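Dropping query26.csv in here (CSV, C-alpha atoms and all ligand atoms):
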```
chain,number,residue,atom,x,y,z
V,1,MET,CA,107.2,67.2,108.5
V,2,LEU,CA,109.7,68.3,105.9
V,3,LEU,CA,113.4,67.7,106.1
V,4,TRP,CA,114.6,71.3,105.6
V,5,ARG,CA,118.0,71.7,104.2
V,6,GLU,CA,118.8,74.8,106.2
V,7,LYS,CA,117.9,75.6,109.8
V,8,ILE,CA,116.2,78.9,110.8
V,9,PRO,CA,119.0,81.5,111.0
V,10,ASP,CA,120.2,82.2,114.5
V,11,ASP,CA,119.4,85.9,114.3
V,12,TRP,CA,115.7,85.2,113.5
V,13,LEU,CA,114.5,84.6,117.0
V,14,PRO,CA,116.1,87.6,118.7
V,15,LYS,CA,115.0,89.8,115.9
V,16,VAL,CA,111.4,88.6,116.3
V,17,LEU,CA,111.3,88.8,120.1
V,18,GLY,CA,112.8,92.3,119.9
V,19,ASN,CA,109.9,93.7,118.0
V,20,LEU,CA,106.7,91.7,118.7
V,21,PRO,CA,104.3,94.5,117.7
V,22,ALA,CA,105.7,94.7,114.2
V,23,VAL,CA,105.8,90.9,114.0
V,24,LEU,CA,102.1,90.7,114.9
V,25,VAL,CA,101.2,93.1,112.1
V,26,ASP,CA,103.3,91.1,109.7
V,27,HIS,CA,101.6,87.9,111.0
V,28,ALA,CA,98.2,89.4,110.3
V,29,HIS,CA,99.2,90.0,106.7
V,30,LEU,CA,100.7,86.6,106.5
V,31,GLU,CA,97.3,85.0,107.4
V,32,ARG,CA,95.5,87.4,105.0
V,33,LYS,CA,97.8,86.3,102.2
V,34,ALA,CA,97.4,82.6,103.2
V,35,ALA,CA,93.6,83.0,102.7
V,36,THR,CA,94.0,84.6,99.3
V,37,SER,CA,96.6,82.0,98.3
V,38,ALA,CA,94.1,79.2,99.0
V,39,LEU,CA,91.5,81.0,96.8
V,40,ASN,CA,94.1,81.7,94.1
V,41,LEU,CA,94.9,78.0,93.8
V,42,GLU,CA,91.2,77.5,92.8
V,43,LYS,CA,92.0,79.0,89.3
V,44,TYR,CA,93.9,75.9,88.2
V,45,ARG,CA,92.1,73.3,86.2
V,46,ASP,CA,93.9,70.5,88.0
V,47,LEU,CA,92.5,71.8,91.3
V,48,TYR,CA,88.9,72.3,90.3
V,49,GLY,CA,88.1,69.1,92.2
V,50,GLN,CA,89.7,70.6,95.4
V,51,VAL,CA,87.7,73.8,95.5
V,52,GLU,CA,85.9,72.9,98.7
V,53,ALA,CA,89.1,71.8,100.5
V,54,LEU,CA,90.7,75.0,99.4
V,55,ASN,CA,87.7,77.1,100.6
V,56,ALA,CA,88.0,75.3,103.9
V,57,ILE,CA,91.7,76.4,104.2
V,58,ALA,CA,90.8,79.9,103.1
V,59,ILE,CA,88.1,80.1,105.8
V,60,GLU,CA,90.6,78.8,108.4
V,61,GLU,CA,93.2,81.4,107.4
V,62,LEU,CA,90.7,84.2,107.6
V,63,GLN,CA,89.8,83.0,111.1
V,64,HIS,CA,93.5,83.1,111.9
V,65,PHE,CA,93.7,86.6,110.4
V,66,GLN,CA,90.8,87.7,112.6
V,67,LEU,CA,92.5,86.2,115.7
V,68,VAL,CA,95.6,88.2,115.0
V,69,LEU,CA,93.5,91.3,114.5
V,70,ASN,CA,91.9,90.7,117.9
V,71,LEU,CA,95.3,90.5,119.5
V,72,LEU,CA,96.4,93.7,117.8
V,73,LYS,CA,93.3,95.5,119.1
V,74,LYS,CA,93.7,94.1,122.6
V,75,ARG,CA,97.3,95.3,122.7
V,76,GLY,CA,96.6,98.7,121.1
V,77,ILE,CA,98.8,97.9,118.1
V,78,PRO,CA,97.5,99.6,114.9
V,79,PHE,CA,97.1,97.4,111.8
V,80,GLY,CA,99.6,98.7,109.3
V,81,GLN,CA,101.1,98.3,105.9
V,82,PRO,CA,102.3,94.9,104.7
V,83,VAL,CA,106.1,94.5,104.3
V,84,PRO,CA,107.0,92.2,101.4
V,85,SER,CA,109.0,89.1,102.4
V,86,PRO,CA,112.1,88.5,100.2
V,87,TRP,CA,111.8,84.8,101.1
V,88,ILE,CA,108.2,84.5,100.0
V,89,THR,CA,108.8,86.7,96.9
V,90,GLY,CA,111.8,84.6,96.0
V,91,LEU,CA,109.8,81.4,96.2
V,92,MET,CA,106.9,82.7,94.1
V,93,ARG,CA,109.3,84.1,91.5
V,94,SER,CA,110.4,80.5,90.7
V,95,VAL,CA,106.9,79.3,89.8
V,96,ARG,CA,107.0,78.1,86.2
V,97,ASN,CA,104.6,79.0,83.5
V,98,GLY,CA,102.4,76.3,81.9
V,99,THR,CA,99.2,75.3,83.5
V,100,ARG,CA,100.1,72.0,85.2
V,101,GLN,CA,103.7,73.1,86.1
V,102,GLN,CA,102.4,76.3,87.6
V,103,ALA,CA,99.8,74.5,89.7
V,104,ILE,CA,102.4,72.1,91.1
V,105,ASP,CA,105.0,74.9,91.8
V,106,HIS,CA,102.3,77.2,93.3
V,107,LEU,CA,101.2,74.3,95.6
V,108,LEU,CA,104.8,73.6,96.6
V,109,CYS,CA,105.5,77.2,97.4
V,110,CYS,CA,102.3,77.4,99.6
V,111,ALA,CA,103.3,74.1,101.3
V,112,LEU,CA,106.8,75.5,102.1
V,113,VAL,CA,105.3,78.7,103.5
V,114,GLU,CA,102.9,76.7,105.7
V,115,GLY,CA,105.6,74.3,106.7
V,116,ARG,CA,108.0,77.1,107.8
V,117,SER,CA,105.1,78.9,109.6
V,118,CYS,CA,104.3,75.7,111.5
V,119,GLU,CA,108.0,75.3,112.5
V,120,LYS,CA,108.4,79.0,113.5
V,121,PHE,CA,105.1,79.1,115.4
V,122,GLN,CA,106.3,76.1,117.4
V,123,VAL,CA,109.6,77.9,118.2
V,124,LEU,CA,107.6,81.0,119.3
V,125,ALA,CA,105.2,78.9,121.4
V,126,ASN,CA,108.2,77.5,123.3
V,127,GLU,CA,110.3,80.7,123.5
V,128,LEU,CA,107.5,83.0,124.5
V,129,LYS,CA,106.3,80.9,127.4
V,130,SER,CA,108.4,82.9,130.0
V,131,ILE,CA,108.1,86.2,128.1
V,132,ASP,CA,104.5,86.5,127.0
V,133,ALA,CA,102.3,83.6,128.0
V,134,GLU,CA,99.2,84.7,126.0
V,135,LEU,CA,101.2,84.9,122.8
V,136,ALA,CA,103.0,81.6,123.5
V,137,GLN,CA,99.6,80.0,123.9
V,138,PHE,CA,98.3,81.6,120.7
V,139,TYR,CA,101.3,80.5,118.6
V,140,GLY,CA,100.9,77.0,120.0
V,141,SER,CA,97.3,76.9,119.0
V,142,LEU,CA,98.2,77.6,115.3
V,143,VAL,CA,100.9,74.9,114.9
V,144,GLU,CA,98.6,72.0,114.1
V,145,SER,CA,96.5,73.9,111.6
V,146,GLU,CA,99.5,75.2,109.6
V,147,GLY,CA,101.0,71.8,109.7
V,148,ASN,CA,97.8,70.4,108.2
V,149,HIS,CA,97.8,73.1,105.5
V,150,TYR,CA,101.4,72.1,104.6
V,151,ALA,CA,100.5,68.5,104.3
V,152,THR,CA,97.3,69.2,102.3
V,153,TYR,CA,99.1,71.3,99.7
V,154,LEU,CA,101.8,68.7,99.3
V,155,ILE,CA,99.2,65.9,98.9
V,156,MET,CA,97.3,68.0,96.3
V,157,ALA,CA,100.5,68.5,94.3
V,158,ARG,CA,101.4,64.7,94.5
V,159,GLU,CA,97.9,63.9,93.3
V,160,ILE,CA,98.4,66.0,90.1
V,161,ASP,CA,101.8,64.4,89.3
V,162,LEU,CA,103.8,62.4,91.8
V,163,ALA,CA,107.2,62.3,89.9
V,164,GLU,CA,107.1,65.9,88.9
V,165,THR,CA,106.2,67.0,92.5
V,166,GLU,CA,109.1,65.0,94.0
V,167,ALA,CA,111.5,66.5,91.4
V,168,ARG,CA,110.3,70.0,92.1
V,169,LEU,CA,110.3,69.5,95.9
V,170,ASP,CA,114.0,68.5,95.6
V,171,PHE,CA,114.6,71.7,93.7
V,172,TYR,CA,112.5,73.8,96.1
V,173,LEU,CA,114.2,72.5,99.2
V,174,ASP,CA,117.6,73.5,97.9
V,175,TYR,CA,116.3,76.9,96.7
V,176,GLU,CA,114.5,77.5,100.0
V,177,ALA,CA,117.7,76.8,101.9
V,178,GLU,CA,119.5,79.4,99.7
V,179,LEU,CA,116.7,82.0,100.3
V,180,ILE,CA,116.5,81.6,104.1
V,181,ARG,CA,120.3,82.2,104.3
V,182,GLN,CA,119.8,85.7,102.8
V,183,PRO,CA,120.0,88.3,105.6
V,184,ASN,CA,116.8,90.0,106.4
V,185,PRO,CA,117.0,92.6,109.2
V,186,LEU,CA,113.2,93.4,109.2
V,187,PRO,CA,111.1,92.1,112.1
V,188,MET,CA,108.9,89.6,110.3
V,189,LEU,CA,108.0,85.9,110.4
V,190,HIS,CA,109.5,85.0,107.0
T,1,FE,FE,97.1,80.4,109.3
T,2,FE,FE,98.0,78.0,107.0
```
Would you write the structure of this file as structure tokens?
Ligand SMILES: [Fe+2]
Ligand SMILES: [Fe+2]
Amino acid sequence: MLLWREKIPDDWLPKVLGNLPAVLVDHAHLERKAATSALNLEKYRDLYGQVEALNAIAIEELQHFQLVLNLLKKRGIPFGQPVPSPWITGLMRSVRNGTRQQAIDHLLCCALVEGRSCEKFQVLANELKSIDAELAQFYGSLVESEGNHYATYLIMAREIDLAETEARLDFYLDYEAELIRQPNPLPMLH
């Protein structure tokens, strides 16, 4: 897994545990956006050869989306509006223009989102055990899949251009650390 340059802020966990219904709605949108991101990556020439691998990720993310929707239904939580994440918006804003550069940056942003999701789902799987066993089990069941998505995106970027990917990863890890330090009072995963 990645060597993050900033830990998850201390106020993240209490904020999330304090409003699980809102976090579940945010999570549903996160999985929906993960599915569309996988499909959007298919537009890059450098990724035409990866179209089936990207479809497989999109299908998995849609399945995750459906699982969260099932949980919402079971708990009587209405599906609602998406709230934009300043952290994700910030990452995506740094994607450079130029076909190859854009593909590498977009893959790295997706990898970071998947990597942080993997990390945060693991935290929730542990912390929710004594609070909400069903949810703890659910988050635990997603950890491996999001970790694989992180690794797949990073490998795809490295296959396009190893040196460029390493240089950009160095940039992105610093930038991500800066973004995650920005206060965000909203109950959301990222
Ligand atoms: Fe997912
Ligand atoms: Fe994922």
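Between CA of Lys120 in chain V and CA of Ile160 in chain V the interatomic distance comes to 28.6 Å.
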- Got a sec to check which residues lie within 10 Å of ligand FE 1 (chain T), using all atoms listed in the file, and send them as a list of chain:residue names? V:His27, V:Ala28, V:Leu30, V:Glu31, V:Arg32, V:Lys33, V:Ala34, V:Ala35, V:Ile57, V:Ala58, V:Ile59, V:Glu60, V:Glu61, V:Leu62, V:Gln63, V:His64, V:Phe65, V:Leu67, V:Val68, V:Glu114, V:Ser117, V:Cys118, V:Leu142, V:Val143, V:Glu144, V:Ser145, V:Glu146, V:Gly147, V:His149
- CA of Leu108 in chain V to CA of Ala163 in chain V: how many Å, to one decimal? 13.4 Å
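For the pair CA of Ala125 in chain V and CA of Lys7 in chain V, the separation is 17.5 Å.
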- Shell around Phe79 in chain V at 8 Å using only C-alpha atoms, local window under 5 positions removed, as an MDAnalysis selection string: chainID V and resid 25 69 72
- Task: Have a look at V:Leu2, V:Ala151, V:Leu189, V:Leu135 and name the one nearest to ligand FE 2 (chain T); count all atoms listed in the file.
- Result: V:Ala151
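With all atoms listed in the file as the atoms that count, the residue of V:Val95, V:Ala167, V:Met156, V:Ile88 with the shortest distance to Gln50 in chain V is V:Met156.
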- Query: Of the residues V:Ser85, V:Asn55, V:Val23, V:Pro187, which is the one nearest to Ala38 in chain V, using only C-alpha atoms?
  - Reply: V:Asn55
- Task: Pick out the closest residue to Gly80 in chain V from this set: V:His29, V:Arg45, V:Arg158, V:Arg181. Count only C-alpha atoms.
- Result: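 Smallest separation from Gly80 in chain V among the options: V:His29.
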- His106 in chain V environment, 9 Å, all atoms listed in the file, sequence neighbours closer than 5 positions dropped, as a ChimeraX atom specification: /V:37,41,92,95-96,101,111,157
